[in-house]
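For reference, the structure is listed below as structure tokens.
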Number of protein chains: 2
Amino acid sequence: MNTVSTNRGAGKPGRPRSQATRLAILDAATDLALAGGCVPTIDALATRAGVSRTTIYKWWPSAAAVLAEGLLERFHESIEFDDSLPVRTAVTRQVEALARLMTQTPAGALLRQLQAASASDERLSAALLARWLAPRRDRVAEHLARGIDQGTLRADVDVDLVVDVLFAPLYHRLVWGHAPLDDALARRLCDLVWPTIAADVSETTPTSHPSSRRAS
Amino acid sequence: MNTVSTNRGAGKPGRPRSQATRLAILDAATDLALAGGCVPTIDALATRAGVSRTTIYKWWPSAAAVLAEGLLERFHESIEFDDSLPVRTAVTRQVEALARLMTQTPAGALLRQLQAASASDERLSAALLARWLAPRRDRVAEHLARGIDQGTLRADVDVDLVVDVLFAPLYHRLVWGHAPLDDALARRLCDLVWPTIAADVSETTPTSHPSSRRAS
């Protein structure tokens, strides 16, 4: 399995003891936030992790940054799908995993609150974008790039747009609750997009680029 | 032009004088919210519109409800596209109009704040869903239904999902700012979806349902 970078070990790697401290801080932030539905204070974080504020600020610029990284770490399985899987399967599973995370764990309610709070908190917004959304988007983008390299996806796929189209509806439904985040959603989103982005006609429907057809 | 219902005149129609009062209240809510970036209080609304609180509560359950309806009314042009236009053109224009509304009017910042506030305000969330999002979604859905009736779109199109895929990325980009809400976005979103939902192969790319091909 091609494991994803979750920043665990990123930055200053430090000694094993430092690494354990880092993980304790990430866990403390995630536990407190999932229980309380908001970004914990630095003081609450320090107390829970049994470290000083100085230690936290040595590695992170804010409590929001710790939390965003802690969430990515806690739910890292939701973006770890084997590169030996067909691209469509790997991407579908990542969409499914986010839907499940939103509906079946306290992370759903927390993400809704954090997204809301970020509208009036620039630091939180930047932290969530850099340490939660971007690494998760990068992981899907890597799968799509793999598909382009393998010739199963068209070379001109707009990767950023496809990632938005596959994941934004989940955040939208999380916020408004106008339609269900059910198990079929991921498959239906991929069904909607794949015929357009696929170069390989055997998987989906014919495209207008027969010259780019290849065996799967 | 098939004008859209924006609740102007919905409910108790009243005498002309009542109608003028209703519109003054809607305008007051919208003006105050666009200037202040939040839902005005009932008192501020009453003062601005020169009416009593009782008059407002006669027609709406909350200030949030007035505001959501006022916004729909103020920006009604962004969902009014002629039913004589090809479906794809009408839908693309509605997506474009929302992107422009978000980037070129104060409604963008306001919508971001209202969406955020709705995470902890059930009444606001319900008002925005019922009086802003739903009527706008209904309008796109009507165009898509027209396409299905005309045979240019497949009969099995999942209308709710297509609406999410076309519009959720705009709200997502409005919140996170990770990618531009530019003029090309609407066209690119429709380009991504249309080959899958189109029954008419002459417009886009071939589908796997040759029996449903029709002349445009």
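Ligands are numbered from 1 in the order shown, residues from 1 within each chain, and chains are lettered A, B, ... in the order they appear in the structure tokens.
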
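For chain B, the residues having at least one atom no farther than 7 Å from chain A, when counting only C-alpha atoms, are Arg112, Gln113, Ala116, Ala117, Ala119, Leu129, Asp164, Val165, Ala168, Pro169, His172, Trp176, Leu192, Val193, Pro195, Thr196, Thr205, Pro206, Thr207 and Ser208 of chain B.
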
N, CA, C and O atoms of the current selection, written as a PDB file, in the first residue's frame:
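selection_10.pdb, freshly written:
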```pdb
ATOM      1  N   ARG B 112     -21.464  33.740   2.303  1.00  0.00           N
ATOM      2  CA  ARG B 112     -20.462  32.987   3.070  1.00  0.00           C
ATOM      3  C   ARG B 112     -20.751  33.112   4.567  1.00  0.00           C
ATOM      4  O   ARG B 112     -20.701  32.127   5.303  1.00  0.00           O
ATOM      5  N   GLN B 113     -21.080  34.315   5.017  1.00  0.00           N
ATOM      6  CA  GLN B 113     -21.377  34.520   6.434  1.00  0.00           C
ATOM      7  C   GLN B 113     -22.683  33.848   6.836  1.00  0.00           C
ATOM      8  O   GLN B 113     -22.789  33.279   7.921  1.00  0.00           O
ATOM      9  N   ALA B 116     -22.228  30.187   7.149  1.00  0.00           N
ATOM     10  CA  ALA B 116     -21.499  29.910   8.391  1.00  0.00           C
ATOM     11  C   ALA B 116     -22.430  30.022   9.589  1.00  0.00           C
ATOM     12  O   ALA B 116     -22.472  29.135  10.446  1.00  0.00           O
ATOM     13  N   ALA B 117     -23.192  31.096   9.642  1.00  0.00           N
ATOM     14  CA  ALA B 117     -24.073  31.313  10.793  1.00  0.00           C
ATOM     15  C   ALA B 117     -25.145  30.228  10.890  1.00  0.00           C
ATOM     16  O   ALA B 117     -25.596  29.876  11.984  1.00  0.00           O
ATOM     17  N   ALA B 119     -24.838  27.174  10.587  1.00  0.00           N
ATOM     18  CA  ALA B 119     -24.358  25.955  11.254  1.00  0.00           C
ATOM     19  C   ALA B 119     -24.763  25.925  12.717  1.00  0.00           C
ATOM     20  O   ALA B 119     -24.858  24.867  13.326  1.00  0.00           O
ATOM     21  N   LEU B 129     -32.470  27.492   3.279  1.00  0.00           N
ATOM     22  CA  LEU B 129     -32.739  26.324   2.442  1.00  0.00           C
ATOM     23  C   LEU B 129     -34.076  26.484   1.715  1.00  0.00           C
ATOM     24  O   LEU B 129     -34.165  26.300   0.499  1.00  0.00           O
ATOM     25  N   ASP B 164     -26.411  19.536  -7.630  1.00  0.00           N
ATOM     26  CA  ASP B 164     -25.308  19.614  -6.662  1.00  0.00           C
ATOM     27  C   ASP B 164     -23.962  19.740  -7.362  1.00  0.00           C
ATOM     28  O   ASP B 164     -23.112  20.530  -6.963  1.00  0.00           O
ATOM     29  N   VAL B 165     -23.764  18.925  -8.368  1.00  0.00           N
ATOM     30  CA  VAL B 165     -22.468  18.896  -9.051  1.00  0.00           C
ATOM     31  C   VAL B 165     -22.186  20.225  -9.752  1.00  0.00           C
ATOM     32  O   VAL B 165     -21.044  20.672  -9.826  1.00  0.00           O
ATOM     33  N   ALA B 168     -22.584  23.091  -6.161  1.00  0.00           N
ATOM     34  CA  ALA B 168     -21.816  22.926  -4.921  1.00  0.00           C
ATOM     35  C   ALA B 168     -20.363  23.401  -5.061  1.00  0.00           C
ATOM     36  O   ALA B 168     -19.833  24.007  -4.131  1.00  0.00           O
ATOM     37  N   PRO B 169     -19.708  23.155  -6.213  1.00  0.00           N
ATOM     38  CA  PRO B 169     -18.324  23.647  -6.333  1.00  0.00           C
ATOM     39  C   PRO B 169     -18.221  25.164  -6.160  1.00  0.00           C
ATOM     40  O   PRO B 169     -17.204  25.662  -5.662  1.00  0.00           O
ATOM     41  N   HIS B 172     -18.377  25.804  -2.475  1.00  0.00           N
ATOM     42  CA  HIS B 172     -17.128  25.272  -1.911  1.00  0.00           C
ATOM     43  C   HIS B 172     -15.966  26.245  -2.154  1.00  0.00           C
ATOM     44  O   HIS B 172     -15.186  26.543  -1.251  1.00  0.00           O
ATOM     45  N   TRP B 176     -13.718  28.266   0.682  1.00  0.00           N
ATOM     46  CA  TRP B 176     -12.296  27.958   0.880  1.00  0.00           C
ATOM     47  C   TRP B 176     -11.354  28.799   0.043  1.00  0.00           C
ATOM     48  O   TRP B 176     -10.170  28.928   0.378  1.00  0.00           O
ATOM     49  N   LEU B 192     -18.214  19.100 -18.177  1.00  0.00           N
ATOM     50  CA  LEU B 192     -17.874  17.872 -17.456  1.00  0.00           C
ATOM     51  C   LEU B 192     -19.089  16.955 -17.307  1.00  0.00           C
ATOM     52  O   LEU B 192     -18.973  15.732 -17.316  1.00  0.00           O
ATOM     53  N   VAL B 193     -20.249  17.549 -17.179  1.00  0.00           N
ATOM     54  CA  VAL B 193     -21.455  16.779 -16.873  1.00  0.00           C
ATOM     55  C   VAL B 193     -22.241  16.392 -18.131  1.00  0.00           C
ATOM     56  O   VAL B 193     -22.820  15.309 -18.208  1.00  0.00           O
ATOM     57  N   PRO B 195     -21.739  15.394 -21.301  1.00  0.00           N
ATOM     58  CA  PRO B 195     -21.630  14.168 -22.100  1.00  0.00           C
ATOM     59  C   PRO B 195     -22.345  12.985 -21.446  1.00  0.00           C
ATOM     60  O   PRO B 195     -22.856  12.104 -22.143  1.00  0.00           O
ATOM     61  N   THR B 196     -22.413  12.973 -20.120  1.00  0.00           N
ATOM     62  CA  THR B 196     -23.064  11.853 -19.430  1.00  0.00           C
ATOM     63  C   THR B 196     -24.575  11.982 -19.422  1.00  0.00           C
ATOM     64  O   THR B 196     -25.288  10.978 -19.505  1.00  0.00           O
ATOM     65  N   THR B 205     -20.710  14.089 -26.785  1.00  0.00           N
ATOM     66  CA  THR B 205     -20.006  12.887 -27.199  1.00  0.00           C
ATOM     67  C   THR B 205     -20.996  11.744 -27.188  1.00  0.00           C
ATOM     68  O   THR B 205     -22.021  11.821 -26.526  1.00  0.00           O
ATOM     69  N   PRO B 206     -20.686  10.659 -27.914  1.00  0.00           N
ATOM     70  CA  PRO B 206     -21.635   9.561 -27.969  1.00  0.00           C
ATOM     71  C   PRO B 206     -21.882   8.958 -26.596  1.00  0.00           C
ATOM     72  O   PRO B 206     -20.993   8.909 -25.759  1.00  0.00           O
ATOM     73  N   THR B 207     -23.089   8.512 -26.338  1.00  0.00           N
ATOM     74  CA  THR B 207     -23.386   7.789 -25.110  1.00  0.00           C
ATOM     75  C   THR B 207     -23.513   6.331 -25.473  1.00  0.00           C
ATOM     76  O   THR B 207     -23.476   5.954 -26.646  1.00  0.00           O
ATOM     77  N   SER B 208     -23.698   5.500 -24.453  1.00  0.00           N
ATOM     78  CA  SER B 208     -23.827   4.075 -24.719  1.00  0.00           C
ATOM     79  C   SER B 208     -25.278   3.693 -24.965  1.00  0.00           C
ATOM     80  O   SER B 208     -25.632   2.543 -24.884  1.00  0.00           O
TER      81      SER B 208
END
```

When DSSP is applied to the backbone of this structure, which of chain B are assigned helix (DSSP H, G or I)? Write them out as an mmCIF file with C-alpha atoms, in the first residue's frame.
```cif
data_model
loop_
_atom_site.group_PDB
_atom_site.id
_atom_site.type_symbol
_atom_site.label_atom_id
_atom_site.label_comp_id
_atom_site.auth_asym_id
_atom_site.auth_seq_id
_atom_site.Cartn_x
_atom_site.Cartn_y
_atom_site.Cartn_z
ATOM 1 C CA PRO B 16 -51.657 46.863 -3.351
ATOM 2 C CA ARG B 17 -50.696 48.789 -0.226
ATOM 3 C CA SER B 18 -49.855 45.539 1.591
ATOM 4 C CA GLN B 19 -47.790 44.457 -1.381
ATOM 5 C CA ALA B 20 -45.805 47.678 -1.265
ATOM 6 C CA THR B 21 -45.217 47.144 2.452
ATOM 7 C CA ARG B 22 -44.027 43.578 1.845
ATOM 8 C CA LEU B 23 -41.556 44.780 -0.751
ATOM 9 C CA ALA B 24 -40.317 47.554 1.544
ATOM 10 C CA ILE B 25 -39.639 44.970 4.257
ATOM 11 C CA LEU B 26 -37.827 42.643 1.833
ATOM 12 C CA ASP B 27 -35.714 45.546 0.583
ATOM 13 C CA ALA B 28 -34.929 46.674 4.116
ATOM 14 C CA ALA B 29 -33.723 43.197 5.100
ATOM 15 C CA THR B 30 -31.572 42.862 2.000
ATOM 16 C CA ASP B 31 -30.051 46.327 2.246
ATOM 17 C CA LEU B 32 -29.204 45.914 5.922
ATOM 18 C CA ALA B 33 -27.726 42.439 5.434
ATOM 19 C CA LEU B 34 -25.626 43.393 2.403
ATOM 20 C CA ALA B 35 -24.275 46.376 4.331
ATOM 21 C CA GLY B 36 -23.756 44.575 7.640
ATOM 22 C CA ILE B 42 -36.456 42.394 13.648
ATOM 23 C CA ASP B 43 -36.223 45.802 15.312
ATOM 24 C CA ALA B 44 -33.674 47.087 12.801
ATOM 25 C CA LEU B 45 -35.854 45.739 10.016
ATOM 26 C CA ALA B 46 -39.005 47.365 11.381
ATOM 27 C CA THR B 47 -37.266 50.721 11.793
ATOM 28 C CA ARG B 48 -35.735 50.640 8.333
ATOM 29 C CA ALA B 49 -38.991 49.640 6.628
ATOM 30 C CA ARG B 53 -42.691 44.171 14.333
ATOM 31 C CA THR B 54 -46.234 42.797 14.246
ATOM 32 C CA THR B 55 -46.525 43.633 10.548
ATOM 33 C CA ILE B 56 -43.347 41.688 9.813
ATOM 34 C CA TYR B 57 -44.422 38.682 11.862
ATOM 35 C CA LYS B 58 -47.756 38.729 10.045
ATOM 36 C CA TRP B 59 -45.948 37.541 6.892
ATOM 37 C CA ALA B 63 -35.890 37.983 10.255
ATOM 38 C CA ALA B 64 -33.884 35.203 8.616
ATOM 39 C CA ALA B 65 -36.923 34.237 6.554
ATOM 40 C CA VAL B 66 -37.393 37.846 5.421
ATOM 41 C CA LEU B 67 -33.743 38.079 4.457
ATOM 42 C CA ALA B 68 -33.633 34.806 2.514
ATOM 43 C CA GLU B 69 -36.714 35.856 0.543
ATOM 44 C CA GLY B 70 -35.333 39.371 0.081
ATOM 45 C CA LEU B 71 -32.087 38.008 -1.345
ATOM 46 C CA LEU B 72 -33.963 35.758 -3.755
ATOM 47 C CA GLU B 73 -35.992 38.763 -4.856
ATOM 48 C CA ARG B 74 -33.020 41.135 -5.120
ATOM 49 C CA HIS B 76 -33.907 37.133 -9.115
ATOM 50 C CA GLU B 77 -32.271 37.905 -12.455
ATOM 51 C CA SER B 78 -29.619 35.313 -11.655
ATOM 52 C CA ILE B 79 -32.176 32.519 -12.009
ATOM 53 C CA VAL B 87 -31.315 23.726 -21.815
ATOM 54 C CA ARG B 88 -27.529 23.636 -21.693
ATOM 55 C CA THR B 89 -27.322 27.372 -22.381
ATOM 56 C CA ALA B 90 -29.927 28.243 -19.763
ATOM 57 C CA VAL B 91 -28.256 26.068 -17.117
ATOM 58 C CA THR B 92 -24.775 27.365 -17.932
ATOM 59 C CA ARG B 93 -26.044 30.938 -17.625
ATOM 60 C CA GLN B 94 -27.542 30.240 -14.214
ATOM 61 C CA VAL B 95 -24.238 28.796 -12.963
ATOM 62 C CA GLU B 96 -22.377 31.786 -14.449
ATOM 63 C CA ALA B 97 -24.818 34.170 -12.806
ATOM 64 C CA LEU B 98 -24.246 32.645 -9.367
ATOM 65 C CA ALA B 99 -20.464 32.828 -9.809
ATOM 66 C CA ARG B 100 -20.770 36.476 -10.812
ATOM 67 C CA LEU B 101 -23.105 37.192 -7.910
ATOM 68 C CA MET B 102 -20.526 35.653 -5.566
ATOM 69 C CA THR B 103 -17.548 37.519 -6.967
ATOM 70 C CA GLN B 104 -18.949 40.810 -8.196
ATOM 71 C CA ALA B 107 -23.886 38.919 -1.869
ATOM 72 C CA GLY B 108 -20.815 36.651 -2.051
ATOM 73 C CA ALA B 109 -19.413 37.709 1.315
ATOM 74 C CA LEU B 110 -22.915 37.748 2.780
ATOM 75 C CA LEU B 111 -23.717 34.231 1.567
ATOM 76 C CA ARG B 112 -20.462 32.987 3.070
ATOM 77 C CA GLN B 113 -21.377 34.520 6.434
ATOM 78 C CA LEU B 114 -24.984 33.315 6.303
ATOM 79 C CA GLN B 115 -23.926 29.771 5.473
ATOM 80 C CA ALA B 116 -21.499 29.910 8.391
ATOM 81 C CA ALA B 117 -24.073 31.313 10.793
ATOM 82 C CA SER B 118 -26.591 28.662 9.757
ATOM 83 C CA GLU B 122 -31.371 26.100 12.852
ATOM 84 C CA ARG B 123 -33.948 28.746 11.956
ATOM 85 C CA LEU B 124 -31.548 30.560 9.641
ATOM 86 C CA SER B 125 -30.512 27.279 8.051
ATOM 87 C CA ALA B 126 -34.142 26.323 7.404
ATOM 88 C CA ALA B 127 -34.980 29.779 6.033
ATOM 89 C CA LEU B 128 -32.031 29.835 3.633
ATOM 90 C CA LEU B 129 -32.739 26.324 2.442
ATOM 91 C CA ALA B 130 -36.462 26.950 1.870
ATOM 92 C CA ARG B 131 -36.341 30.517 0.547
ATOM 93 C CA TRP B 132 -32.973 30.831 -1.190
ATOM 94 C CA LEU B 133 -31.467 27.487 -2.136
ATOM 95 C CA ALA B 134 -34.622 25.501 -2.907
ATOM 96 C CA PRO B 135 -36.226 28.010 -5.316
ATOM 97 C CA ARG B 136 -32.895 28.388 -7.115
ATOM 98 C CA ARG B 137 -32.426 24.619 -7.319
ATOM 99 C CA ASP B 138 -36.021 24.238 -8.520
ATOM 100 C CA ARG B 139 -35.333 26.619 -11.359
ATOM 101 C CA VAL B 140 -32.376 24.546 -12.647
ATOM 102 C CA ALA B 141 -34.377 21.384 -12.119
ATOM 103 C CA GLU B 142 -37.132 22.824 -14.317
ATOM 104 C CA HIS B 143 -34.651 23.396 -17.129
ATOM 105 C CA LEU B 144 -33.296 19.857 -16.757
ATOM 106 C CA ALA B 145 -36.838 18.431 -16.749
ATOM 107 C CA ARG B 146 -37.498 20.396 -19.919
ATOM 108 C CA GLY B 147 -34.444 18.714 -21.476
ATOM 109 C CA ILE B 148 -35.722 15.297 -20.461
ATOM 110 C CA ASP B 149 -39.152 16.080 -21.910
ATOM 111 C CA GLN B 150 -37.601 17.292 -25.139
ATOM 112 C CA VAL B 159 -31.585 15.862 -11.290
ATOM 113 C CA ASP B 160 -30.740 16.501 -7.621
ATOM 114 C CA LEU B 161 -27.256 15.146 -8.099
ATOM 115 C CA VAL B 162 -26.640 17.154 -11.259
ATOM 116 C CA VAL B 163 -27.755 20.348 -9.507
ATOM 117 C CA ASP B 164 -25.308 19.614 -6.662
ATOM 118 C CA VAL B 165 -22.468 18.896 -9.051
ATOM 119 C CA LEU B 166 -23.042 22.140 -10.955
ATOM 120 C CA PHE B 167 -23.551 24.457 -7.977
ATOM 121 C CA ALA B 168 -21.816 22.926 -4.921
ATOM 122 C CA PRO B 169 -18.324 23.647 -6.333
ATOM 123 C CA LEU B 170 -19.212 27.366 -6.365
ATOM 124 C CA TYR B 171 -20.207 27.388 -2.694
ATOM 125 C CA HIS B 172 -17.128 25.272 -1.911
ATOM 126 C CA ARG B 173 -14.795 27.711 -3.676
ATOM 127 C CA LEU B 174 -16.593 30.643 -2.046
ATOM 128 C CA VAL B 175 -15.870 29.151 1.386
ATOM 129 C CA TRP B 176 -12.296 27.958 0.880
ATOM 130 C CA ALA B 184 -14.957 29.877 -17.448
ATOM 131 C CA LEU B 185 -16.062 27.816 -14.453
ATOM 132 C CA ALA B 186 -19.730 27.447 -15.448
ATOM 133 C CA ARG B 187 -18.879 26.293 -18.948
ATOM 134 C CA ARG B 188 -16.273 23.856 -17.645
ATOM 135 C CA LEU B 189 -18.717 22.386 -15.134
ATOM 136 C CA CYS B 190 -21.324 21.873 -17.835
ATOM 137 C CA ASP B 191 -18.673 20.414 -20.147
ATOM 138 C CA LEU B 192 -17.874 17.872 -17.456
ATOM 139 C CA VAL B 193 -21.455 16.779 -16.873
ATOM 140 C CA TRP B 194 -23.154 17.103 -20.232
ATOM 141 C CA PRO B 195 -21.630 14.168 -22.100
ATOM 142 C CA THR B 196 -23.064 11.853 -19.430
ATOM 143 C CA ILE B 197 -26.522 13.354 -19.148
ATOM 144 C CA PRO B 210 -27.792 4.797 -29.154
ATOM 145 C CA SER B 211 -31.511 4.012 -28.999
ATOM 146 C CA SER B 212 -32.153 7.303 -27.224
#
```

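Between Ala199 of chain B and the residues B:Ala155, B:Leu181, B:Val39, B:Val51, the shortest atom-to-atom distance, using only C-alpha atoms, involves B:Ala155.
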